[in-house]
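Undergrad: There's a structure below that I have some questions on.
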Amino acid sequence: MCPKLDAILFEAAQPVPFLLGWEAQRSLQQRLLLDPEGPEAVLLLEHEPCYTLGRGASEAFLRFDPAAPPLPLHRIDRGGEVTHHAPGQLVLYPVLNLQRHGADLHLYLRQLEQVVIDLLAGLDLQGERIAGLTGVWLEGRKVAAIGVGARRWISQHGLALNVDGDLAGFAAVVPCGLADHPVGRLADWRPELTSEALRQPLLAALADRFGLALRPPGPQERLQGW
């Protein structure tokens with residue numbers, strides 16, 4: 001059995017403004033760029049309501065004027081189109097040295113999908129992929145969006161899993177640019193599920209898939225504002 005990889009877990013108890021979470025990722029990415037043999041990191045959080053656009057995303061998928069958005073709107077350095085974040089959606093940002101995990105971005109996307117599929121299997125729910133698309137669906141409704149970025153094989157961004165939040169904000173966009181693929185949340189199938197209850201199972205699925213030993217940050221590893 002291969003030894004597990006050291007990974008620092010940063011977990012936010014309250015919803016996080018998107019820019020604070022993005023700055024944390026970039027700070028952790030820079031640490032690993034400077035020391036590629038150092039510990040990897042994982043951020044688990046829920047965001048305050050907002051919209052994000054991937055680096056090449058089209059504003060044609062916004063159903064509002066981008067100069068006057070109904071919620072904060074951020075264009076960021078991940079792949080993919082527009083998505084919506086809000087409390088009740090678990091967001092997982094692994095900051096990994098992908099050279100330790102296959103050095104293949106397409107493989108990495110499939111592994112992130114598998115994390116969600118593994119989690120759902122433990123809940124007796126059958127997560128599905130759709131050929132040619134990225135994400136995870138249940139009965140034709142998209143429950144997990146995935147978009148990543150990397151610099152010199154150090155990853156940022158990750159996955160967003162709709163658990164029990166209000167999905168109304170998705171009506172103002174064409175999520176992921178897929179007009180014919182509605183979004184869903186796990187509570188639509190299992191009303192007792194909450195984002196709080198699924199935090200640890202989601203972390204366990206990620207740690208198992210990527211061979212991570214998650215631990216709290218040491219005194220010299222903390223992030224400002226966390």
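Order determines the names: the first chain of the structure tokens is A, the second B, and so forth; residues in each chain are numbered 1 upward, and ligands are numbered 1 upward as they are shown.
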If we count only C-alpha atoms, what is near Gln99 in chain A at a cut-off of 10 Å, once residues fewer than 6 positions away on the same chain are taken out, given as a list in words?

TA: Pro36, Arg152, Trp153 and Ile154 of chain A

Undergrad: Could I get the residues of range 78-131 of chain A with an atom no further than 12 Å from an atom of range 2-8 of chain A, each paired with its nearest atom pair and that distance in Å to one decimal, using only C-alpha atoms, sorted by chain and residue number, as a Markdown table?

TA:
```
| residue | atom | partner | partner_atom | distance |
| --- | --- | --- | --- | --- |
| A:Tyr93 | CA | A:Ile8 | CA | 11.8 |
| A:Pro94 | CA | A:Ala7 | CA | 9.3 |
| A:Val95 | CA | A:Ala7 | CA | 9.0 |
| A:Leu96 | CA | A:Ala7 | CA | 8.6 |
| A:Asn97 | CA | A:Leu5 | CA | 10.5 |
| A:Arg100 | CA | A:Leu5 | CA | 9.1 |
| A:His101 | CA | A:Leu5 | CA | 10.4 |
```

Undergrad: Restricting the calculation to only C-alpha atoms: of A:Val174, A:Val183, A:Leu167, A:Ile76, which residue gets closest to Lys142 in chain A?

TA: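 Answer, going by the shortest atom-to-atom distance: A:Val183.
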
Undergrad: As an exercise, work out the distance from CA of Val115 in chain A to CA of Val148 in chain A in Å and give it to one decimal place.

TA: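 Pair CA of Val115 in chain A / CA of Val148 in chain A returns 14.6 Å.
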
Undergrad: Counting only C-alpha atoms, which residue out of A:His157, A:His85, A:Arg31, A:Arg63 sits closest to His47 in chain A?

TA: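 Of the candidates, the smallest distance to His47 in chain A is held by A:His85.
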
Undergrad: Any idea what the distance is between CA of Glu11 in chain A and CA of Leu44 in chain A?

TA: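 According to the coordinates, CA of Glu11 in chain A and CA of Leu44 in chain A are separated by 4.8 Å.
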
Undergrad: Could you tell me how far CA of Asp104 in chain A sits from CA of Glu37 in chain A, in Å to one decimal place?

TA: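 About the pair CA of Glu37 in chain A and CA of Asp104 in chain A: they are 18.4 Å apart.
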
Undergrad: Got a sec to tell me which of range 18-217 of chain A DSSP assigns to alpha helix (DSSP H), as JSON, numbers by chain?

TA: {"A": [18, 19, 20, 21, 22, 23, 24, 25, 26, 27, 28, 29, 30, 31, 32, 33, 34, 105, 106, 107, 108, 109, 110, 111, 112, 113, 114, 115, 116, 117, 118, 119, 120, 121, 195, 196, 197, 198, 199, 200, 201, 202, 203, 204, 205, 206, 207, 208, 209, 210]}

Undergrad: Closest to Cys50 in chain A among A:Ala207, A:Leu71, A:Leu138, A:Ile146, using only C-alpha atoms?

TA: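 Among the listed residues, A:Leu71 lies closest to Cys50 in chain A.
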
Undergrad: What's the 12 Å shell around Pro69 in chain A, counting only C-alpha atoms, without same-chain residues fewer than 4 positions away, as a JSON list (two decimals) with C-alpha atoms, in the first residue's frame?

TA:
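around10.json, freshly written:
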```
[["chain", "number", "residue", "atom", "x", "y", "z"],
["A", 49, "PRO", "CA", -24.35, 33.83, -3.12],
["A", 50, "CYS", "CA", -22.51, 34.75, -6.34],
["A", 51, "TYR", "CA", -21.88, 33.82, -9.96],
["A", 52, "THR", "CA", -18.56, 32.84, -11.50],
["A", 59, "GLU", "CA", -21.64, 36.19, -21.28],
["A", 62, "LEU", "CA", -26.13, 35.24, -18.46],
["A", 63, "ARG", "CA", -29.79, 36.17, -18.26],
["A", 64, "PHE", "CA", -28.92, 39.58, -16.82],
["A", 65, "ASP", "CA", -26.80, 42.59, -17.69],
["A", 73, "LEU", "CA", -20.15, 38.23, -10.59],
["A", 74, "HIS", "CA", -16.53, 37.07, -10.93],
["A", 169, "GLY", "CA", -30.24, 31.66, -8.35],
["A", 172, "ALA", "CA", -30.63, 33.83, -13.89],
["A", 173, "VAL", "CA", -28.02, 31.90, -15.92]]
```
